[in-house]
$ cat input09.pdb   # PDB, C-alpha atoms, pLDDT in the B column
ATOM      1  CA  MET A   1      70.264  27.994 115.862  1.00 68.00           C
ATOM      2  CA  THR A   2      70.348  30.855 113.363  1.00 78.00           C
ATOM      3  CA  LEU A   3      66.594  30.696 112.819  1.00 83.00           C
ATOM      4  CA  ILE A   4      65.921  30.895 116.547  1.00 88.00           C
ATOM      5  CA  SER A   5      68.255  33.864 117.041  1.00 84.00           C
ATOM      6  CA  LEU A   6      66.827  35.691 114.001  1.00 83.00           C
ATOM      7  CA  THR A   7      63.301  35.135 115.257  1.00 86.00           C
ATOM      8  CA  LEU A   8      64.219  36.386 118.716  1.00 89.00           C
ATOM      9  CA  MET A   9      65.966  39.473 117.296  1.00 85.00           C
ATOM     10  CA  ALA A  10      62.995  40.274 115.056  1.00 86.00           C
ATOM     11  CA  TYR A  11      60.641  39.955 118.029  1.00 91.00           C
ATOM     12  CA  VAL A  12      62.753  42.256 120.197  1.00 92.00           C
ATOM     13  CA  LEU A  13      63.086  44.849 117.423  1.00 90.00           C
ATOM     14  CA  GLY A  14      59.371  44.725 116.703  1.00 90.00           C
ATOM     15  CA  SER A  15      58.478  45.248 120.330  1.00 93.00           C
ATOM     16  CA  ILE A  16      60.188  48.641 120.603  1.00 93.00           C
ATOM     17  CA  PRO A  17      57.271  51.094 121.025  1.00 94.00           C
ATOM     18  CA  PHE A  18      58.540  54.172 119.196  1.00 94.00           C
ATOM     19  CA  ALA A  19      55.184  55.927 119.638  1.00 94.00           C
ATOM     20  CA  VAL A  20      55.378  55.626 123.409  1.00 95.00           C
ATOM     21  CA  ILE A  21      59.040  56.668 123.522  1.00 95.00           C
ATOM     22  CA  VAL A  22      58.613  59.681 121.221  1.00 96.00           C
ATOM     23  CA  SER A  23      55.442  60.751 123.031  1.00 95.00           C
ATOM     24  CA  TRP A  24      57.345  60.660 126.309  1.00 95.00           C
ATOM     25  CA  VAL A  25      60.200  62.750 124.826  1.00 95.00           C
ATOM     26  CA  PHE A  26      57.771  65.301 123.347  1.00 95.00           C
ATOM     27  CA  VAL A  27      55.766  65.343 126.627  1.00 94.00           C
ATOM     28  CA  LEU A  28      52.617  64.124 124.892  1.00 93.00           C
ATOM     29  CA  PRO A  29      49.974  61.877 126.414  1.00 93.00           C
ATOM     30  CA  ASP A  30      50.439  58.137 126.057  1.00 93.00           C
ATOM     31  CA  PRO A  31      49.127  57.306 122.549  1.00 93.00           C
ATOM     32  CA  ARG A  32      47.480  54.159 123.890  1.00 92.00           C
ATOM     33  CA  SER A  33      45.170  56.308 126.014  1.00 92.00           C
ATOM     34  CA  TYR A  34      43.394  58.352 123.303  1.00 90.00           C
ATOM     35  CA  GLY A  35      42.114  58.167 119.741  1.00 87.00           C
ATOM     36  CA  SER A  36      42.146  54.630 118.393  1.00 89.00           C
ATOM     37  CA  GLY A  37      44.367  53.444 121.250  1.00 89.00           C
ATOM     38  CA  ASN A  38      46.896  52.206 118.714  1.00 90.00           C
ATOM     39  CA  PRO A  39      50.474  53.309 119.510  1.00 91.00           C
ATOM     40  CA  GLY A  40      51.346  54.490 116.035  1.00 91.00           C
ATOM     41  CA  ALA A  41      52.197  57.568 114.010  1.00 93.00           C
ATOM     42  CA  THR A  42      48.618  58.250 112.899  1.00 93.00           C
ATOM     43  CA  ASN A  43      47.314  58.267 116.442  1.00 92.00           C
ATOM     44  CA  VAL A  44      50.092  60.608 117.598  1.00 93.00           C
ATOM     45  CA  LEU A  45      49.351  62.842 114.604  1.00 93.00           C
ATOM     46  CA  ARG A  46      45.942  63.448 116.207  1.00 91.00           C
ATOM     47  CA  THR A  47      47.753  65.530 118.843  1.00 89.00           C
ATOM     48  CA  GLY A  48      48.821  67.924 116.095  1.00 87.00           C
ATOM     49  CA  ARG A  49      52.522  67.245 116.521  1.00 91.00           C
ATOM     50  CA  LYS A  50      53.649  66.433 112.992  1.00 95.00           C
ATOM     51  CA  ALA A  51      57.327  66.185 113.985  1.00 95.00           C
ATOM     52  CA  ALA A  52      56.543  63.537 116.594  1.00 95.00           C
ATOM     53  CA  ALA A  53      54.425  61.547 114.143  1.00 96.00           C
ATOM     54  CA  ALA A  54      57.182  61.749 111.508  1.00 97.00           C
ATOM     55  CA  LEU A  55      59.785  60.477 113.986  1.00 96.00           C
ATOM     56  CA  ILE A  56      57.541  57.570 114.938  1.00 96.00           C
ATOM     57  CA  LEU A  57      56.957  56.679 111.303  1.00 96.00           C
ATOM     58  CA  LEU A  58      60.689  56.843 110.627  1.00 97.00           C
ATOM     59  CA  GLY A  59      61.521  54.765 113.708  1.00 96.00           C
ATOM     60  CA  ASP A  60      58.978  52.090 112.813  1.00 95.00           C
ATOM     61  CA  ALA A  61      60.214  51.965 109.220  1.00 95.00           C
ATOM     62  CA  LEU A  62      63.845  51.730 110.325  1.00 95.00           C
ATOM     63  CA  LYS A  63      63.206  48.908 112.762  1.00 93.00           C
ATOM     64  CA  GLY A  64      61.462  46.960 109.994  1.00 92.00           C
ATOM     65  CA  TRP A  65      64.328  47.630 107.624  1.00 93.00           C
ATOM     66  CA  LEU A  66      66.889  46.679 110.271  1.00 92.00           C
ATOM     67  CA  ALA A  67      65.206  43.335 110.945  1.00 86.00           C
ATOM     68  CA  VAL A  68      65.272  42.430 107.252  1.00 88.00           C
ATOM     69  CA  PHE A  69      68.830  43.703 106.813  1.00 91.00           C
ATOM     70  CA  LEU A  70      70.132  41.678 109.764  1.00 85.00           C
ATOM     71  CA  ALA A  71      68.303  38.560 108.609  1.00 82.00           C
ATOM     72  CA  GLN A  72      69.844  38.853 105.138  1.00 88.00           C
ATOM     73  CA  ARG A  73      73.322  39.340 106.589  1.00 89.00           C
ATOM     74  CA  MET A  74      73.084  36.486 109.083  1.00 82.00           C
ATOM     75  CA  ALA A  75      71.286  33.924 106.910  1.00 74.00           C
TER      76      ALA A  75
END

$ encode --input "input09.pdb" --output "structure tokens"
Amino acid sequence: MTLISLTLMAYVLGSIPFAVIVSWVFVLPDPRSYGSGNPGATNVLRTGRKAAAALILLGDALKGWLAVFLAQRMA
């Protein structure tokens, strides 16, 4: 049961689109609609908003860290 719940939690955490959320907060175009089409920090950096790209990078790094941290605690 633990493996199933950890897998589900990791999936949910990984599916949080920080690039889309931060772009919406900064009133930027949807990052999936320009550049490479990849919703990530590098694509948002193409808009020239370094603060937005930094927040996306931090958010993506933290959600990866959180998934590993929770898995270590629960396993």

$ closest_residue --input "input09.pdb" --among "A:Phe18, A:Phe26, A:Tyr34, A:Phe69" --to "Arg46 (chain A)" --atoms "all atoms listed in the file"
A:Tyr34

$ residues_around --input "input09.pdb" --residues "Ala51 (chain A)" --least-positions-apart "5" --cutoff "10 Å" --atoms "all atoms listed in the file" --output "PyMOL selection string"
chain A and resi 22+26+44-45+56-57

$ closest_residue --input "input09.pdb" --among "A:Ala75, A:Val20, A:Leu28, A:Leu3" --to "Thr47 (chain A)" --atoms "only C-alpha atoms"
A:Leu28

$ atom_distance --input "input09.pdb" --atom1 "CA of Leu13 (chain A)" --atom2 "CA of Asn38 (chain A)"
17.8 Å

$ residues_near_point --input "input09.pdb" --point "(55.1, 47.1, 112.3)" --cutoff "9 Å" --atoms "all atoms listed in the file" --output "list in words"
Gly14, Ser15, Asp60, Ala61, Lys63 and Gly64 of chain A

$ write_last_selection --input "input09.pdb" --atoms "C-alpha atoms" --output "CSV table (one decimal), in the coordinates of the input"
chain,number,residue,atom,x,y,z
A,14,GLY,CA,59.4,44.7,116.7
A,15,SER,CA,58.5,45.2,120.3
A,60,ASP,CA,59.0,52.1,112.8
A,61,ALA,CA,60.2,52.0,109.2
A,63,LYS,CA,63.2,48.9,112.8
A,64,GLY,CA,61.5,47.0,110.0

$ atom_distance --input "input09.pdb" --atom1 "CA of Ala67 (chain A)" --atom2 "CA of Asn43 (chain A)"
23.9 Å

$ axis_aligned_box --input "input09.pdb" --around "region 16-20 of chain A" --padding-each-side "4 Å" --output "JSON"
{"center_x": 57.7, "center_y": 52.3, "center_z": 121.3, "size_x": 13.0, "size_y": 15.3, "size_z": 12.2}
